[in-house]
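Novice: Questions regarding the structure given below will be posed in turn.
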Amino acid sequence: MKSSLHILGEYTLLMGKTFTAPTRWGMFFRQLMREIYKLGADSLGIVVIISIFIGTVIAIQISLNISSPLIPKFTIGYTTREIILLEFSSSIMCLILAGKVGSNIASEIGTMRVTEQIDAMEIMGVNSANFLILPKIVGLMLFIPVLVVFSMFTGIIGGIGASYADINGMTPSSFIYGLQFYFNSYYIAYSVIKALVYAFIIASVASYFGYNVKGGALDVGKASTNAVVMSSILILMADVILTHILLT
Amino acid sequence: MIEIRNIRKTFDGRTVLNNISAVFETGKTNLIIGQSGSGKTVLLKCIIGLLRPDSGDIMYDDAGILHLRKHELDKLRKEMGMLFQGSALFDSMTVLENVMFPLDMISRDSYRDRKKRAMFCLERVNLLNSEHLYPSEISGGMMKRAGIARAIALNPKYLFCDEPNSGLDPKTSLLIDELIHDITKDYRMTTVINTHDMNSVINIGETIAFIKEGVLEWQGNKFEVITSNNQALNDFVFASDLFRKIKDMENQKEG
C-alpha cells in the first residue's frame, strides 16, 4: 500500500514531467484536437440529456414543494436557475464527467502502460507524460467550461419545458420572470472557474492512476476505479474551498 | 558495441541480477537466453535504461549510460530501436503513422522525406500494402514486422528485441529471425535479442549469454551451444527430445 505522501510525491513528479514545452508543437496541437473531440465534444450528448432532465425535475420538485401562498410563483424559476448555475452545471456535471472521462483517460493510459506502448515512447527519447497527458489536461480545461455553459443553458431549457406542464400553479411567464429575477452574472464566472479546476483534477488524477499502473488488465480496471473515486473526492473538496474563496 | 560490467539489481531485497558482465558486439545478433523468470527481461531493461541497476556499469561504445545527463541520455536513446514482446504499436495510429511516429517526434526532415523513410522501412519488412491498417487489423507476425520497421525508422546504432518470436508460429518466427539478422548485417547494428526460442539460438545466435537465476551461467555462440558440457545450459537448450537428438548426432559426428 502506498502512503498518501508517496502518491502526492509521484503525482507532483509526473506533473513536473508533463508541464514542459512540447518537443513538436505540431504533434501537440494534433493530439490536442483529438482529445478535445474524444473527451470533450463526445460528452456533449450526455451533458445535454442529463441537464435537460435534471433541469425539468428541479423545476417540478420546487413547484411541488412551494405551496405557500406567501411565496410568489416566480421563486420556482429563480431557485431552479440558482441551483443550476451555482452547483449542478459545474460540480454535479463534473462529477458525472469524472466518471465518464476520468475512467476513459485512466484505462487508455493504463492499457498503454501494460502493453509497453509508454516504454516504447521513452525508448525513442519521447517524453511520454508530456505527449500523452498534457493534451488531455489542456483539452479538458478548454472544453469542460464549454460543456458547463451548455449544461446551464439546456438545464434551464428543461426547467422552462416543465413550466408548461402547469404543475401547482407554475406558469411559463412566472418561471421566465423568476429566471431573470436578481440575476448575478458573476455566478456564471464562478461556475466556469470551478469547471477549470475540476477539469484539471479529472485529467491529471486519471492520468496519474493510468500512468502508474503495474500489472495487467485487472490492474487497469482498478486504476480506472481509483481514478474516478479519487477525482470525485477531490472535486467535492475543491467545491468547498472554491465556494468559500469565491462567494464569501 | 555494448559492454555490461558487474550488473546487480535487486527488488525488495530479492536479487534478480547478480554480477553480470558481457559484451554485445557490433554487426552481430547477440542473444540473451534463459528460462522465464531468470532475469533476462530485467537485464534488457537495465541495458536500455528503463531500469537502473543497483551497481555496475553499462557502456555504449565509450559512453556509460548510467552517468549520462538527461539530454545526453535522450540523445543516446535516439540511436536505439526496440522491438517489444507484444510489439507495443500505438493502437490509435495506423501502421504507417506508427512507423512515422519516431520520425515525427525526433527528425527535422520534411513530411515528404519522413514519409519516404517510413515507406522504405515498411518495404524493408515487406509490409507495403498494410500501411493504412490499424494494429488491431493485422496479424501477430505483421505486428512484429511493423514493430521492426518502427524500430529501424531512425536508423539506430543499437537494436533491442524482447522475445521477438513469442506468440508466433515456427515459420513466421524464422522469418522474423532472418529479418532481424539481415537488418543487423545490412546496417551494422549492435543487436541484442532476449529470447527463449531455441530455433533462434540455433539460427542467429552469433553470441549467446545464458542467464540462470540472475547469474551469467555460460557465454558462447550457436556452434559452442551444441558441444558445451554445461549441464544447466544443456538442460535448458536441449529440453526437447528433438534438440537432444540433434545434439547427440552432432556429438557423434565430432566423435
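Simple scheme: letters A, B, ... for chains in C-alpha cells order, numbers from 1 for residues in each chain, numbers from 1 for ligands in the order shown.
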List as CSV every residue of chain A that is in contact with chain B, defined as an atom at most 9 Å from one of its atoms (using only C-alpha atoms), together with the nearest atom pair and the distance in Å rounded to one decimal, sorted by chain and then rising number.
Specialist:
```
residue,atom,partner,partner_atom,distance
A:Thr23,CA,B:Met105,CA,7.1
A:Arg24,CA,B:Met105,CA,6.3
A:Met27,CA,B:Met105,CA,7.7
A:Met112,CA,B:Phe90,CA,7.9
A:Thr115,CA,B:Ala88,CA,5.9
A:Glu116,CA,B:Ala88,CA,5.4
A:Gln117,CA,B:Ala88,CA,4.7
A:Ile118,CA,B:Ala88,CA,8.3
A:Asp119,CA,B:Leu50,CA,7.6
A:Ala120,CA,B:Ala88,CA,6.6
A:Met121,CA,B:Pro102,CA,8.3
A:Glu122,CA,B:Leu50,CA,8.1
A:Ile123,CA,B:Arg77,CA,5.8
A:Met124,CA,B:Lys78,CA,5.6
A:Gly125,CA,B:Asp74,CA,4.9
A:Val126,CA,B:Met105,CA,7.1
```
Novice: What does the structure give for the distance between atom CA of B:Gly27 and atom CA of B:Lys115, in Å to one decimal?
Specialist: 27.0 Å
Novice: Residues at most 9 Å from B:Arg8, counting only C-alpha atoms, excluding those fewer than 6 positions away in the same chain, as an NGL selection string?
Specialist: :B and (15-20 or 53-56 or 214)
Novice: Residues within 9 Å of stretch 226-232 of chain B, please, as JSON, numbers by chain. Count only C-alpha atoms; anything in the same chain fewer than 5 positions from it doesn't count.
Specialist: {"B": [202, 212, 217, 218, 220, 237, 246, 247, 248, 250, 251]}
Novice: DSSP on the backbone, then: every residue of stretch 49-207 of chain B marked helix (DSSP H, G or I), written as a PyMOL selection string.
Specialist: chain B and resi 65-67+70-77+95-106+111-124+128-130+135-137+140-152+170-187+198-204
Novice: Given the choices A:Pro145, A:Gly215, A:Gly221, A:Gly169, which gets closest to A:Lys194 if the distance is worked out from only C-alpha atoms?
Specialist: A:Pro145
Novice: Considering only C-alpha atoms, can you say which of B:Thr41, B:Glu25, B:Met1, B:Ser36 comes closest to B:Ala63?
Specialist: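 Distance minimum relative to B:Ala63 lands on B:Met1.
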Novice: Could you jot down the atom CA of B:His132 to atom CA of B:Val95 separation for me, Å, one decimal place?
Specialist: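 Atom CA of B:Val95 lies at a distance of 6.1 Å from atom CA of B:His132.
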Novice: Set the distance at 12 Å and use only C-alpha atoms: which residues neighbour A:Ile60 once local chain neighbours fewer than 5 positions away are removed? I'd like the list as a VMD selection string.
Specialist: chain A and resid 53 to 55 65 to 66 76 to 77 79 to 80 158 to 171 175
Novice: Take the residues from that selection and write them out as a compact mmCIF listing (two decimals), in the first residue's frame, keeping C-alpha atoms.
Specialist:
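Contents of result-v9.txt, as written:
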```
# COMPACT_ATOMS: atom_id res chain seq x y z
CA PHE A 53 -33.86 16.06 -17.44
CA ILE A 54 -32.36 17.39 -14.21
CA GLY A 55 -33.49 20.95 -15.07
CA ASN A 65 -42.67 21.83 -2.55
CA ILE A 66 -43.58 25.51 -2.68
CA ILE A 76 -39.57 28.39 -8.79
CA GLY A 77 -37.71 29.84 -11.80
CA THR A 79 -34.43 28.75 -7.41
CA THR A 80 -34.06 26.48 -10.45
CA GLY A 158 -35.59 21.77 -19.26
CA GLY A 159 -36.97 23.93 -16.45
CA ILE A 160 -38.88 26.13 -18.90
CA GLY A 161 -40.28 22.97 -20.50
CA ALA A 162 -41.55 21.80 -17.11
CA SER A 163 -43.27 25.15 -16.53
CA TYR A 164 -45.62 24.38 -19.46
CA ALA A 165 -46.95 21.37 -17.52
CA ASP A 166 -48.81 23.79 -15.19
CA ILE A 167 -47.85 21.91 -12.02
CA ASN A 168 -49.08 23.50 -8.81
CA GLY A 169 -49.78 26.83 -10.50
CA MET A 170 -46.35 27.21 -12.16
CA THR A 171 -46.67 29.13 -15.43
CA PHE A 175 -40.91 30.87 -14.43
```
Novice: Can you list, as an mmCIF file with N, CA, C and O atoms, in the first residue's frame, every protein, DNA or RNA residue that comes within 8 Å of stretch 93-102 of chain A when you count only C-alpha atoms, leaving out same-chain residues fewer than 6 positions away?
Specialist:
```
data_model
loop_
_atom_site.group_PDB
_atom_site.id
_atom_site.type_symbol
_atom_site.label_atom_id
_atom_site.label_comp_id
_atom_site.auth_asym_id
_atom_site.auth_seq_id
_atom_site.Cartn_x
_atom_site.Cartn_y
_atom_site.Cartn_z
ATOM 1 N N LEU A 39 -12.669 13.489 -25.776
ATOM 2 C CA LEU A 39 -13.085 13.604 -24.372
ATOM 3 C C LEU A 39 -14.157 14.671 -24.173
ATOM 4 O O LEU A 39 -15.029 14.537 -23.331
ATOM 5 N N SER A 43 -18.712 14.152 -25.210
ATOM 6 C CA SER A 43 -19.519 14.138 -23.978
ATOM 7 C C SER A 43 -20.711 15.078 -24.071
ATOM 8 O O SER A 43 -21.523 15.150 -23.137
ATOM 9 N N VAL A 47 -24.179 15.302 -21.651
ATOM 10 C CA VAL A 47 -24.346 16.532 -20.859
ATOM 11 C C VAL A 47 -25.715 17.156 -21.156
ATOM 12 O O VAL A 47 -26.458 17.536 -20.238
ATOM 13 N N VAL A 148 -19.988 23.025 -19.445
ATOM 14 C CA VAL A 148 -20.704 23.567 -18.284
ATOM 15 C C VAL A 148 -21.707 24.640 -18.731
ATOM 16 O O VAL A 148 -22.853 24.662 -18.284
ATOM 17 N N SER A 151 -24.508 22.984 -20.303
ATOM 18 C CA SER A 151 -25.341 22.356 -19.282
ATOM 19 C C SER A 151 -26.273 23.382 -18.642
ATOM 20 O O SER A 151 -27.456 23.111 -18.423
ATOM 21 N N ALA A 195 -15.192 24.945 -12.966
ATOM 22 C CA ALA A 195 -15.059 23.928 -14.025
ATOM 23 C C ALA A 195 -13.607 23.771 -14.472
ATOM 24 O O ALA A 195 -13.146 22.657 -14.750
ATOM 25 N N TYR A 198 -11.896 21.734 -11.826
ATOM 26 C CA TYR A 198 -12.356 20.338 -11.893
ATOM 27 C C TYR A 198 -11.748 19.629 -13.107
ATOM 28 O O TYR A 198 -11.381 18.455 -13.032
ATOM 29 N N ALA A 199 -11.669 20.333 -14.231
ATOM 30 C CA ALA A 199 -11.112 19.731 -15.452
ATOM 31 C C ALA A 199 -9.669 19.305 -15.206
ATOM 32 O O ALA A 199 -9.248 18.211 -15.603
ATOM 33 N N ILE A 202 -9.757 16.192 -12.937
ATOM 34 C CA ILE A 202 -10.187 14.966 -13.653
ATOM 35 C C ILE A 202 -9.045 14.445 -14.534
ATOM 36 O O ILE A 202 -8.666 13.275 -14.462
ATOM 37 N N ALA A 203 -8.475 15.318 -15.369
ATOM 38 C CA ALA A 203 -7.460 14.873 -16.331
ATOM 39 C C ALA A 203 -6.169 14.439 -15.644
ATOM 40 O O ALA A 203 -5.603 13.390 -15.974
ATOM 41 N N VAL A 205 -5.542 13.604 -12.358
ATOM 42 C CA VAL A 205 -5.653 12.464 -11.429
ATOM 43 C C VAL A 205 -5.835 11.160 -12.213
ATOM 44 O O VAL A 205 -5.168 10.152 -11.931
ATOM 45 N N ALA A 206 -6.699 11.194 -13.211
ATOM 46 C CA ALA A 206 -6.908 9.981 -14.029
ATOM 47 C C ALA A 206 -5.619 9.595 -14.750
ATOM 48 O O ALA A 206 -5.274 8.413 -14.832
ATOM 49 N N SER A 224 -8.656 2.533 -13.020
ATOM 50 C CA SER A 224 -9.773 3.304 -13.554
ATOM 51 C C SER A 224 -10.759 3.651 -12.432
ATOM 52 O O SER A 224 -11.204 4.798 -12.295
ATOM 53 N N ALA A 227 -9.203 6.116 -10.020
ATOM 54 C CA ALA A 227 -9.144 7.454 -10.620
ATOM 55 C C ALA A 227 -10.478 8.174 -10.434
ATOM 56 O O ALA A 227 -10.513 9.358 -10.072
ATOM 57 N N VAL A 228 -11.581 7.450 -10.669
ATOM 58 C CA VAL A 228 -12.909 8.064 -10.553
ATOM 59 C C VAL A 228 -13.194 8.432 -9.093
ATOM 60 O O VAL A 228 -13.652 9.540 -8.794
ATOM 61 N N SER A 231 -10.792 11.374 -8.004
ATOM 62 C CA SER A 231 -11.115 12.678 -8.603
ATOM 63 C C SER A 231 -12.464 13.185 -8.087
ATOM 64 O O SER A 231 -12.633 14.394 -7.907
ATOM 65 N N SER A 232 -13.417 12.279 -7.791
ATOM 66 C CA SER A 232 -14.707 12.715 -7.242
ATOM 67 C C SER A 232 -14.507 13.350 -5.867
ATOM 68 O O SER A 232 -15.072 14.408 -5.570
ATOM 69 N N ILE A 235 -12.872 16.692 -6.284
ATOM 70 C CA ILE A 235 -13.811 17.688 -6.830
ATOM 71 C C ILE A 235 -14.681 18.234 -5.700
ATOM 72 O O ILE A 235 -14.898 19.448 -5.585
#
```
Novice: Which value, in Å to one decimal, gives the distance between atom CA of A:Asn212 and atom CA of A:Tyr11?
Specialist: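 Computing the Euclidean distance for atom CA of A:Asn212 and atom CA of A:Tyr11 yields 9.5 Å.
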Novice: Neighbouring residues of A:Pro135 were defined as those with any atom within 7 Å, considering only C-alpha atoms; residues of the same chain fewer than 5 positions away were excluded. Please report them as a PDB file with N, CA and C atoms, in the first residue's frame.
Specialist:
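part35.pdb, written as the output of this step:
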```
ATOM      1  N   PHE A  28       1.641  18.269 -30.859  1.00  0.00           N
ATOM      2  CA  PHE A  28       0.872  18.619 -29.669  1.00  0.00           C
ATOM      3  C   PHE A  28      -0.524  19.112 -30.060  1.00  0.00           C
ATOM      4  N   GLN A  31      -2.681  16.271 -31.266  1.00  0.00           N
ATOM      5  CA  GLN A  31      -3.171  15.491 -30.122  1.00  0.00           C
ATOM      6  C   GLN A  31      -4.263  16.253 -29.377  1.00  0.00           C
ATOM      7  N   LEU A  32      -4.043  17.585 -29.236  1.00  0.00           N
ATOM      8  CA  LEU A  32      -4.999  18.427 -28.505  1.00  0.00           C
ATOM      9  C   LEU A  32      -6.381  18.377 -29.171  1.00  0.00           C
ATOM     10  N   GLU A  35      -8.017  15.070 -28.499  1.00  0.00           N
ATOM     11  CA  GLU A  35      -8.514  14.940 -27.122  1.00  0.00           C
ATOM     12  C   GLU A  35      -9.777  15.775 -26.928  1.00  0.00           C
TER      13      GLU A  35
END
```
Novice: Have a look at A:Ser90, A:Ser173, A:Gln61, A:Thr18 and name the one nearest to A:Asp239; count only C-alpha atoms.
Specialist: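 Ranking A:Ser90, A:Ser173, A:Gln61, A:Thr18 by distance to A:Asp239, first place goes to A:Ser90.
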Novice: Go through A:Ser4, A:Ser89, A:Asn127, A:Asn104 one by one, measure the shortest atom-to-atom distance of each to A:Thr20 using only C-alpha atoms, and give the residue with the smallest value.
Specialist: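 Closest residue, counting only C-alpha atoms: A:Asn127.
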